[in-house]
Amino acid sequence: MKAIVIGGGIGGLAAAVALRRMGIEAEVFERAPRIEEVGAGVGLWGNAMRALRKLDLYDAVREQGAEIGGEARTWRGRKLFSLSAEELRRRFGESNLAIHRAKLQAALFSALPAGTVRLDSTLAGFTQNDRGVTARFADGREVQGDLLVGCDGLHSVTRKRLLGDEPPRYAGLTAWRGVVDDADGLVSEGMGLNLWGRGSEFGLANIGGNRAYWYATANVSESASASPAGDKQEVLERFQGCYEPARQAIEATRETNILRSDIYDREPARRWGSGRVTLLGDAAHPMTPHLGQGACQAIEDAVALADALRSREPTADALRAYERRRIGRTTSIVRRSRRMGWMMQVENPVLCALRDNLAATMPSRLRLRLLDPVVGYEVCGRN
């Protein structure tokens with residue numbers, strides 16, 4: 001059996017690794033002309049780390065990142081609550097990891113045989129029948145396979161051909177992300193920092209190798225510019241007056257290491273595929289970053305897809321079984337993430353104070369219990 005995987009990001013590479021472990025030949029077609037160190041930090045909660053164990057990639061990823069807990073403070077620095085790395089590991093049985101996206105991508109890429117990933121390959125369309133799928137690329141190439149998996153992100157060509165749905169929903173905020181190359185003393189080992197403001201949020205975490213990752217969000221109108229570059233001075237001005245480690249992180253970041261991107265998600269779809277074609281990761285269920293589950297859910301998808309194809313069912317039936325297994329869970333997480341985003345986007349000072357006080361007085365055991373449905377999940381196993 002041969003799988004055509006569209007997209008060489010985290011989801012596409014994880015899918016190829018998972019399928020090949022099941023004895024399914026998988027080729028990845030990535031539109032970018034080369035693999036570069038793009039993006040910033042990625043959070044891998046316990047549910048993703050368990051999925052990586054199933055791909056025999058836990059150790060390779062673990063050694064490239066940093067285990068962290070979390071500490072929430074107000075914009076001025078008043079501590080609201082903290083969850084240590086040890087508490088999270090004890091509760092969920094796995095580390096909560098922060099890692100540079102490029103390091104995660106490299107670990108997945110290294111697990112694939114040479115020649116698996118075909119660069120400069122832009123999908124133009126596909127056709128299928130009861131015997132297989134033919135993918136057509138912009139340069140005129142055609143590739144045949146037994147199934148096609150669209151892992152081509154937020155603006156997925158595969159999804160457009162399958163579902164023909166509307167553009168993604170702008171969530172009402174923009175995010176800036178940066179990587180500090182020399183983070184010595186910037187953030188405590190084993191702890192991530194999260195600042196809650198009025199319509200703004202800031203996060204900072206160690207990602208290993210003496211590097212730190214930060215992100216900042218603000219309620220702004222959708223950008224007319226497609227440029228991913230972030231203006232360092234703009235970020236400093238927007239976040240002036242906040243807890244000092246935030247400004248220190250921004251000031252320590254080279255401007256070329258700052259990215260800006262508007263935040264989108266979609267209303268969860270009731271179906272992801274048709275026949276021998278399905279979706280995975282952001283192509284299937286884009287979500288806001290407020291739960292840190294985007295990459296986690298893509299990795300879970302990859303494991304569940306390979307597990308479904310292990311069955312003796314016809315390929316199309318196996319793909320529908322994969323979708324039934326995943327749609328309910330990812331729908332829940334898209335909505336949970338959206339609700340968390342609304343809490344962070346509140347601008348009314350009275351509501352912000354209420355939010356902060358509720359967070360500060362919540363018992364730690366309840367806070368952990370609220371994470372159970374998300375982080376306590378084990379793909380292809382018992383919860």
# chains A, B, ... in the order shown; residues from 1 in each chain; ligands from 1
>>> closest_atom_pairs(of="stretch 235-308 of chain A", to="stretch 113-136 of chain A", cutoff="9 Å", atoms="only C-alpha atoms", output="JSON lines")
{"residue": "A:Gly275", "atom": "CA", "partner": "A:Gln128", "partner_atom": "CA", "distance": 7.7}
{"residue": "A:Arg276", "atom": "CA", "partner": "A:Val133", "partner_atom": "CA", "distance": 6.9}
{"residue": "A:Val277", "atom": "CA", "partner": "A:Val133", "partner_atom": "CA", "distance": 7.9}
>>> residues_around(residues="A:Asp265", least_positions_apart="5", cutoff="6 Å", atoms="only C-alpha atoms", output="count of residues only")
5
>>> closest_residue(among="A:Leu173, A:Ile207, A:Glu323, A:Glu234", to="A:His290", atoms="only C-alpha atoms")
A:Leu173
>>> closest_atom_pairs(of="stretch 76-110 of chain A", to="stretch 58-66 of chain A", cutoff="10 Å", atoms="only C-alpha atoms", output="Markdown table")
| residue | atom | partner | partner_atom | distance |
| --- | --- | --- | --- | --- |
| A:Ser95 | CA | A:Arg62 | CA | 8.6 |
| A:Asn96 | CA | A:Ala66 | CA | 8.3 |
| A:Leu97 | CA | A:Ala66 | CA | 5.5 |
| A:Ala98 | CA | A:Ala66 | CA | 5.4 |
| A:Ile99 | CA | A:Gly65 | CA | 4.3 |
| A:His100 | CA | A:Gly65 | CA | 7.2 |
| A:Arg101 | CA | A:Gly65 | CA | 9.8 |
| A:Lys103 | CA | A:Gln64 | CA | 6.5 |
| A:Leu104 | CA | A:Val61 | CA | 6.2 |
| A:Gln105 | CA | A:Val61 | CA | 9.4 |
| A:Ala106 | CA | A:Val61 | CA | 9.2 |
| A:Ala107 | CA | A:Val61 | CA | 6.3 |
| A:Leu108 | CA | A:Val61 | CA | 8.5 |
| A:Ser110 | CA | A:Ala60 | CA | 9.6 |
>>> write_last_selection(atoms="N, CA, C and O atoms", output="mmCIF file, in the first residue's frame")
data_model
loop_
_atom_site.group_PDB
_atom_site.id
_atom_site.type_symbol
_atom_site.label_atom_id
_atom_site.label_comp_id
_atom_site.auth_asym_id
_atom_site.auth_seq_id
_atom_site.Cartn_x
_atom_site.Cartn_y
_atom_site.Cartn_z
ATOM 1 N N SER A 95 6.389 13.954 30.657
ATOM 2 C CA SER A 95 6.896 15.318 30.714
ATOM 3 C C SER A 95 6.023 16.248 29.888
ATOM 4 O O SER A 95 5.377 15.830 28.916
ATOM 5 N N ASN A 96 6.006 17.509 30.282
ATOM 6 C CA ASN A 96 5.428 18.579 29.473
ATOM 7 C C ASN A 96 6.623 19.313 28.865
ATOM 8 O O ASN A 96 7.401 19.931 29.580
ATOM 9 N N LEU A 97 6.786 19.225 27.565
ATOM 10 C CA LEU A 97 8.011 19.655 26.912
ATOM 11 C C LEU A 97 7.794 20.922 26.099
ATOM 12 O O LEU A 97 6.747 21.109 25.484
ATOM 13 N N ALA A 98 8.818 21.792 26.086
ATOM 14 C CA ALA A 98 8.877 22.920 25.163
ATOM 15 C C ALA A 98 10.096 22.706 24.269
ATOM 16 O O ALA A 98 11.173 22.357 24.761
ATOM 17 N N ILE A 99 9.943 22.903 22.967
ATOM 18 C CA ILE A 99 10.994 22.589 22.014
ATOM 19 C C ILE A 99 10.904 23.545 20.831
ATOM 20 O O ILE A 99 9.828 24.051 20.509
ATOM 21 N N HIS A 100 12.030 23.827 20.202
ATOM 22 C CA HIS A 100 12.001 24.629 18.982
ATOM 23 C C HIS A 100 11.329 23.802 17.893
ATOM 24 O O HIS A 100 11.593 22.608 17.739
ATOM 25 N N ARG A 101 10.455 24.433 17.148
ATOM 26 C CA ARG A 101 9.714 23.716 16.104
ATOM 27 C C ARG A 101 10.667 23.023 15.131
ATOM 28 O O ARG A 101 10.413 21.895 14.686
ATOM 29 N N LYS A 103 13.580 21.780 15.703
ATOM 30 C CA LYS A 103 14.152 20.591 16.321
ATOM 31 C C LYS A 103 13.170 19.422 16.261
ATOM 32 O O LYS A 103 13.562 18.272 16.012
ATOM 33 N N LEU A 104 11.898 19.705 16.514
ATOM 34 C CA LEU A 104 10.878 18.664 16.419
ATOM 35 C C LEU A 104 10.761 18.166 14.984
ATOM 36 O O LEU A 104 10.715 16.955 14.727
ATOM 37 N N GLN A 105 10.721 19.099 14.053
ATOM 38 C CA GLN A 105 10.621 18.727 12.642
ATOM 39 C C GLN A 105 11.830 17.888 12.217
ATOM 40 O O GLN A 105 11.687 16.898 11.486
ATOM 41 N N ALA A 106 13.023 18.259 12.683
ATOM 42 C CA ALA A 106 14.227 17.514 12.326
ATOM 43 C C ALA A 106 14.195 16.096 12.875
ATOM 44 O O ALA A 106 14.635 15.144 12.206
ATOM 45 N N ALA A 107 13.668 15.922 14.095
ATOM 46 C CA ALA A 107 13.583 14.586 14.684
ATOM 47 C C ALA A 107 12.646 13.691 13.865
ATOM 48 O O ALA A 107 12.935 12.510 13.640
ATOM 49 N N LEU A 108 11.537 14.251 13.428
ATOM 50 C CA LEU A 108 10.602 13.495 12.590
ATOM 51 C C LEU A 108 11.225 13.183 11.230
ATOM 52 O O LEU A 108 11.123 12.062 10.717
ATOM 53 N N SER A 110 14.345 12.915 10.442
ATOM 54 C CA SER A 110 15.440 11.950 10.566
ATOM 55 C C SER A 110 14.938 10.516 10.703
ATOM 56 O O SER A 110 15.692 9.567 10.460
#
>>> residues_around(residues="A:Thr330", least_positions_apart="6", cutoff="10 Å", atoms="only C-alpha atoms", output="NGL selection string")
:A and (268-269 or 281 or 284-287 or 293-294 or 297-298 or 300-301 or 336 or 374)
